[in-house]
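Note: the block below is coords07.cif and it holds mmCIF, C-alpha atoms.
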data_data
#
loop_
_atom_site.group_PDB
_atom_site.id
_atom_site.type_symbol
_atom_site.label_atom_id
_atom_site.label_comp_id
_atom_site.auth_asym_id
_atom_site.auth_seq_id
_atom_site.Cartn_x
_atom_site.Cartn_y
_atom_site.Cartn_z
ATOM 1 C CA MET A 154 0.000 0.000 0.000
ATOM 2 C CA ASN A 155 1.568 3.240 -1.191
ATOM 3 C CA ALA A 156 0.807 6.190 1.066
ATOM 4 C CA ASP A 157 2.943 8.903 -0.579
ATOM 5 C CA PHE A 158 -0.098 11.113 -1.070
ATOM 6 C CA LEU A 159 -0.466 11.487 2.714
ATOM 7 C CA ILE A 160 2.663 13.638 3.019
ATOM 8 C CA PRO A 161 1.445 16.653 0.981
ATOM 9 C CA ILE A 162 -2.031 16.379 2.481
ATOM 10 C CA SER A 163 -0.679 16.387 6.031
ATOM 11 C CA PHE A 164 1.665 19.273 5.166
ATOM 12 C CA PHE A 165 -1.210 21.457 3.928
ATOM 13 C CA LEU A 166 -3.390 20.435 6.862
ATOM 14 C CA ALA A 167 -0.638 21.486 9.265
ATOM 15 C CA ILE A 168 -0.302 24.867 7.552
ATOM 16 C CA PHE A 169 -4.071 25.338 7.608
ATOM 17 C CA GLY A 170 -4.167 24.418 11.309
ATOM 18 C CA VAL A 171 -1.488 26.931 12.243
ATOM 19 C CA VAL A 172 -3.130 29.736 10.261
ATOM 20 C CA TYR A 173 -6.570 28.922 11.675
ATOM 21 C CA LEU A 174 -5.240 28.821 15.219
ATOM 22 C CA PHE A 175 -3.461 32.148 14.747
ATOM 23 C CA LEU A 176 -6.514 33.901 13.303
ATOM 24 C CA SER A 177 -8.980 32.511 15.842
ATOM 25 C CA THR A 178 -6.702 33.402 18.772
ATOM 26 C CA ARG A 179 -6.190 36.916 17.420
ATOM 27 C CA ASN A 180 -9.953 37.316 17.034
ATOM 28 C CA ARG A 181 -10.587 36.179 20.630
ATOM 29 C CA GLU A 182 -7.940 38.547 21.976
ATOM 30 C CA ARG A 183 -9.432 41.474 20.080
ATOM 31 C CA LEU A 184 -12.938 40.659 21.286
ATOM 32 C CA ALA A 185 -11.699 40.458 24.877
ATOM 33 C CA LEU A 186 -10.000 43.846 24.575
ATOM 34 C CA ILE A 187 -13.107 45.410 23.049
ATOM 35 C CA GLU A 188 -15.256 43.978 25.871
ATOM 36 C CA LYS A 189 -12.943 45.625 28.389
ATOM 37 C CA GLY A 190 -13.473 48.964 26.663
ATOM 38 C CA VAL A 191 -10.116 49.432 24.965
ATOM 39 C CA ASP A 192 -10.143 51.799 22.003
ATOM 40 C CA ALA A 193 -10.364 49.937 18.690
ATOM 41 C CA SER A 194 -7.751 52.194 17.069
ATOM 42 C CA ILE A 195 -4.991 49.933 18.401
ATOM 43 C CA PHE A 196 -5.972 47.379 15.748
ATOM 44 C CA MET A 197 -5.345 49.783 12.884
ATOM 45 C CA GLY A 198 -1.978 49.516 11.167
ATOM 46 C CA ASP A 199 0.418 52.212 12.248
ATOM 47 C CA LYS A 200 3.154 53.802 10.175
ATOM 48 C CA SER A 201 5.960 51.896 11.884
ATOM 49 C CA LYS A 202 4.976 48.713 10.047
ATOM 50 C CA SER A 203 5.295 50.393 6.645
ATOM 51 C CA SER A 204 8.694 51.817 7.551
ATOM 52 C CA MET A 205 9.771 48.388 8.848
ATOM 53 C CA PHE A 206 8.684 46.869 5.528
ATOM 54 C CA LYS A 207 10.803 49.416 3.668
ATOM 55 C CA LEU A 208 13.837 48.590 5.791
ATOM 56 C CA VAL A 209 13.419 44.841 5.247
ATOM 57 C CA LEU A 210 12.989 45.436 1.531
ATOM 58 C CA LEU A 211 16.151 47.570 1.472
ATOM 59 C CA ASN A 212 18.154 44.860 3.218
ATOM 60 C CA LEU A 213 16.792 42.124 0.927
ATOM 61 C CA ALA A 214 17.641 44.193 -2.151
ATOM 62 C CA LEU A 215 21.171 44.788 -0.920
ATOM 63 C CA LEU A 216 21.553 41.098 -0.057
ATOM 64 C CA SER A 217 20.427 40.064 -3.545
ATOM 65 C CA MET A 218 22.827 42.520 -5.144
ATOM 66 C CA GLY A 219 25.621 41.252 -2.901
ATOM 67 C CA ILE A 220 24.985 37.662 -3.980
ATOM 68 C CA GLY A 221 25.021 38.723 -7.627
ATOM 69 C CA VAL A 222 28.256 40.653 -7.201
ATOM 70 C CA GLY A 223 29.797 37.693 -5.387
ATOM 71 C CA VAL A 224 28.961 35.287 -8.208
ATOM 72 C CA PHE A 225 30.262 37.765 -10.785
ATOM 73 C CA VAL A 226 33.549 38.363 -8.959
ATOM 74 C CA ALA A 227 33.991 34.612 -8.397
ATOM 75 C CA LEU A 228 33.454 34.014 -12.114
ATOM 76 C CA ILE A 229 36.065 36.618 -13.009
ATOM 77 C CA LEU A 230 38.554 35.256 -10.466
ATOM 78 C CA SER A 231 38.053 31.664 -11.573
ATOM 79 C CA THR A 232 38.533 32.646 -15.212
ATOM 80 C CA TYR A 233 41.721 34.669 -14.818
ATOM 81 C CA THR A 234 43.404 32.917 -11.860
ATOM 82 C CA ALA A 235 44.270 29.374 -10.881
ATOM 83 C CA LEU A 236 42.246 29.476 -7.650
ATOM 84 C CA ASP A 237 40.082 26.512 -6.659
ATOM 85 C CA GLN A 238 36.520 27.005 -7.933
ATOM 86 C CA ASP A 239 34.968 24.826 -5.235
ATOM 87 C CA ALA A 240 36.136 27.195 -2.516
ATOM 88 C CA LEU A 241 36.030 30.429 -4.513
ATOM 89 C CA TYR A 242 32.311 30.633 -5.271
ATOM 90 C CA PRO A 243 30.971 30.159 -1.705
ATOM 91 C CA ALA A 244 33.702 32.394 -0.284
ATOM 92 C CA MET A 245 32.934 35.270 -2.637
ATOM 93 C CA ILE A 246 29.180 34.896 -2.228
ATOM 94 C CA PHE A 247 29.396 34.961 1.578
ATOM 95 C CA LEU A 248 31.940 37.797 1.589
ATOM 96 C CA SER A 249 29.958 40.057 -0.721
ATOM 97 C CA SER A 250 26.653 39.191 1.023
ATOM 98 C CA GLY A 251 28.186 40.099 4.374
ATOM 99 C CA ILE A 252 29.469 43.393 2.990
ATOM 100 C CA ALA A 253 26.025 44.136 1.511
ATOM 101 C CA LEU A 254 24.290 43.381 4.826
ATOM 102 C CA PHE A 255 26.772 45.586 6.674
ATOM 103 C CA ILE A 256 26.042 48.426 4.234
ATOM 104 C CA GLY A 257 22.315 47.811 4.740
ATOM 105 C CA PHE A 258 22.769 47.949 8.518
ATOM 106 C CA ASN A 259 24.538 51.309 8.236
ATOM 107 C CA MET A 260 21.892 52.662 5.868
ATOM 108 C CA THR A 261 19.127 51.503 8.227
ATOM 109 C CA LYS A 262 20.850 53.200 11.156
ATOM 110 C CA LYS A 263 21.085 56.463 9.201
ATOM 111 C CA ILE A 264 17.425 56.263 8.162
ATOM 112 C CA GLU A 265 16.238 55.688 11.743
ATOM 113 C CA GLU A 266 18.171 58.732 13.019
#
Would you kindly transcribe this structure into C-alpha coordinates?
Amino acid sequence: MNADFLIPISFFLAIFGVVYLFLSTRNRERLALIEKGVDASIFMGDKSKSSMFKLVLLNLALLSMGIGVGVFVALILSTYTALDQDALYPAMIFLSSGIALFIGFNMTKKIEE
(Lines of atoms letter the chains of each structure in order from A and count residues from 1; the text may use other names and numbers.)
(Lines give C-alpha, C1' and ligand atoms only; values in the text may rest on other atoms or scores of the structure.)
Protein backbone atom coordinates (compact mmCIF):
# COMPACT_ATOMS: atom_id res chain seq x y z
CA MET A 1 0.00 0.00 0.00
CA ASN A 2 1.57 3.24 -1.19
CA ALA A 3 0.81 6.19 1.07
CA ASP A 4 2.94 8.90 -0.58
CA PHE A 5 -0.10 11.11 -1.07
CA LEU A 6 -0.47 11.49 2.71
CA ILE A 7 2.66 13.64 3.02
CA PRO A 8 1.44 16.65 0.98
CA ILE A 9 -2.03 16.38 2.48
CA SER A 10 -0.68 16.39 6.03
CA PHE A 11 1.66 19.27 5.17
CA PHE A 12 -1.21 21.46 3.93
CA LEU A 13 -3.39 20.44 6.86
CA ALA A 14 -0.64 21.49 9.26
CA ILE A 15 -0.30 24.87 7.55
CA PHE A 16 -4.07 25.34 7.61
CA GLY A 17 -4.17 24.42 11.31
CA VAL A 18 -1.49 26.93 12.24
CA VAL A 19 -3.13 29.74 10.26
CA TYR A 20 -6.57 28.92 11.67
CA LEU A 21 -5.24 28.82 15.22
CA PHE A 22 -3.46 32.15 14.75
CA LEU A 23 -6.51 33.90 13.30
CA SER A 24 -8.98 32.51 15.84
CA THR A 25 -6.70 33.40 18.77
CA ARG A 26 -6.19 36.92 17.42
CA ASN A 27 -9.95 37.32 17.03
CA ARG A 28 -10.59 36.18 20.63
CA GLU A 29 -7.94 38.55 21.98
CA ARG A 30 -9.43 41.47 20.08
CA LEU A 31 -12.94 40.66 21.29
CA ALA A 32 -11.70 40.46 24.88
CA LEU A 33 -10.00 43.85 24.58
CA ILE A 34 -13.11 45.41 23.05
CA GLU A 35 -15.26 43.98 25.87
CA LYS A 36 -12.94 45.62 28.39
CA GLY A 37 -13.47 48.96 26.66
CA VAL A 38 -10.12 49.43 24.97
CA ASP A 39 -10.14 51.80 22.00
CA ALA A 40 -10.36 49.94 18.69
CA SER A 41 -7.75 52.19 17.07
CA ILE A 42 -4.99 49.93 18.40
CA PHE A 43 -5.97 47.38 15.75
CA MET A 44 -5.34 49.78 12.88
CA GLY A 45 -1.98 49.52 11.17
CA ASP A 46 0.42 52.21 12.25
CA LYS A 47 3.15 53.80 10.18
CA SER A 48 5.96 51.90 11.88
CA LYS A 49 4.98 48.71 10.05
CA SER A 50 5.29 50.39 6.65
CA SER A 51 8.69 51.82 7.55
CA MET A 52 9.77 48.39 8.85
CA PHE A 53 8.68 46.87 5.53
CA LYS A 54 10.80 49.42 3.67
CA LEU A 55 13.84 48.59 5.79
CA VAL A 56 13.42 44.84 5.25
CA LEU A 57 12.99 45.44 1.53
CA LEU A 58 16.15 47.57 1.47
CA ASN A 59 18.15 44.86 3.22
CA LEU A 60 16.79 42.12 0.93
CA ALA A 61 17.64 44.19 -2.15
CA LEU A 62 21.17 44.79 -0.92
CA LEU A 63 21.55 41.10 -0.06
CA SER A 64 20.43 40.06 -3.54
CA MET A 65 22.83 42.52 -5.14
CA GLY A 66 25.62 41.25 -2.90
CA ILE A 67 24.98 37.66 -3.98
CA GLY A 68 25.02 38.72 -7.63
CA VAL A 69 28.26 40.65 -7.20
CA GLY A 70 29.80 37.69 -5.39
CA VAL A 71 28.96 35.29 -8.21
CA PHE A 72 30.26 37.77 -10.79
CA VAL A 73 33.55 38.36 -8.96
CA ALA A 74 33.99 34.61 -8.40
CA LEU A 75 33.45 34.01 -12.11
CA ILE A 76 36.06 36.62 -13.01
CA LEU A 77 38.55 35.26 -10.47
CA SER A 78 38.05 31.66 -11.57
CA THR A 79 38.53 32.65 -15.21
CA TYR A 80 41.72 34.67 -14.82
CA THR A 81 43.40 32.92 -11.86
CA ALA A 82 44.27 29.37 -10.88
CA LEU A 83 42.25 29.48 -7.65
CA ASP A 84 40.08 26.51 -6.66
CA GLN A 85 36.52 27.00 -7.93
CA ASP A 86 34.97 24.83 -5.24
CA ALA A 87 36.14 27.19 -2.52
CA LEU A 88 36.03 30.43 -4.51
CA TYR A 89 32.31 30.63 -5.27
CA PRO A 90 30.97 30.16 -1.71
CA ALA A 91 33.70 32.39 -0.28
CA MET A 92 32.93 35.27 -2.64
CA ILE A 93 29.18 34.90 -2.23
CA PHE A 94 29.40 34.96 1.58
CA LEU A 95 31.94 37.80 1.59
CA SER A 96 29.96 40.06 -0.72
CA SER A 97 26.65 39.19 1.02
CA GLY A 98 28.19 40.10 4.37
CA ILE A 99 29.47 43.39 2.99
CA ALA A 100 26.03 44.14 1.51
CA LEU A 101 24.29 43.38 4.83
CA PHE A 102 26.77 45.59 6.67
CA ILE A 103 26.04 48.43 4.23
CA GLY A 104 22.31 47.81 4.74
CA PHE A 105 22.77 47.95 8.52
CA ASN A 106 24.54 51.31 8.24
CA MET A 107 21.89 52.66 5.87
CA THR A 108 19.13 51.50 8.23
CA LYS A 109 20.85 53.20 11.16
CA LYS A 110 21.08 56.46 9.20
CA ILE A 111 17.43 56.26 8.16
CA GLU A 112 16.24 55.69 11.74
CA GLU A 113 18.17 58.73 13.02
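The spacing separating atom CA of Phe225 of chain A from atom CA of Gly257 of chain A amounts to 20.1 Å.
With atom CA of Asn212 of chain A on one side and atom CA of Leu254 of chain A on the other, the separation reads 6.5 Å.
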- Task: Please tell me which residues are no farther than 12 Å from (24.0, 40.8, -5.3) in the file, counting all atoms listed in the file, and write them as an NGL selection string.
- Result: :A and (212-226 or 245-254)
Can you tell me, as lines of an AutoDock Vina configuration file, the centre and edge lengths (Å, one decimal) of the axis-aligned box enclosing all of segment 222-230 of chain A's listed atoms after padding each side by 8 Å?
center_x = 33.4
center_y = 37.3
center_z = -9.2
size_x = 26.3
size_y = 22.6
size_z = 23.6
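Atom to atom, atom CA of Leu176 of chain A and atom CA of Leu208 of chain A stand 26.2 Å apart.
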- Message: Which polymer residues, whether protein, DNA or RNA, lie within 7 Å of the coordinate (13.4, 53.3, 7.1) when you count only C-alpha atoms? List them as an MDAnalysis selection string, using the chain letters and numbers from the file.
- Response: chainID A and resid 204:205 207:208 261 264:265
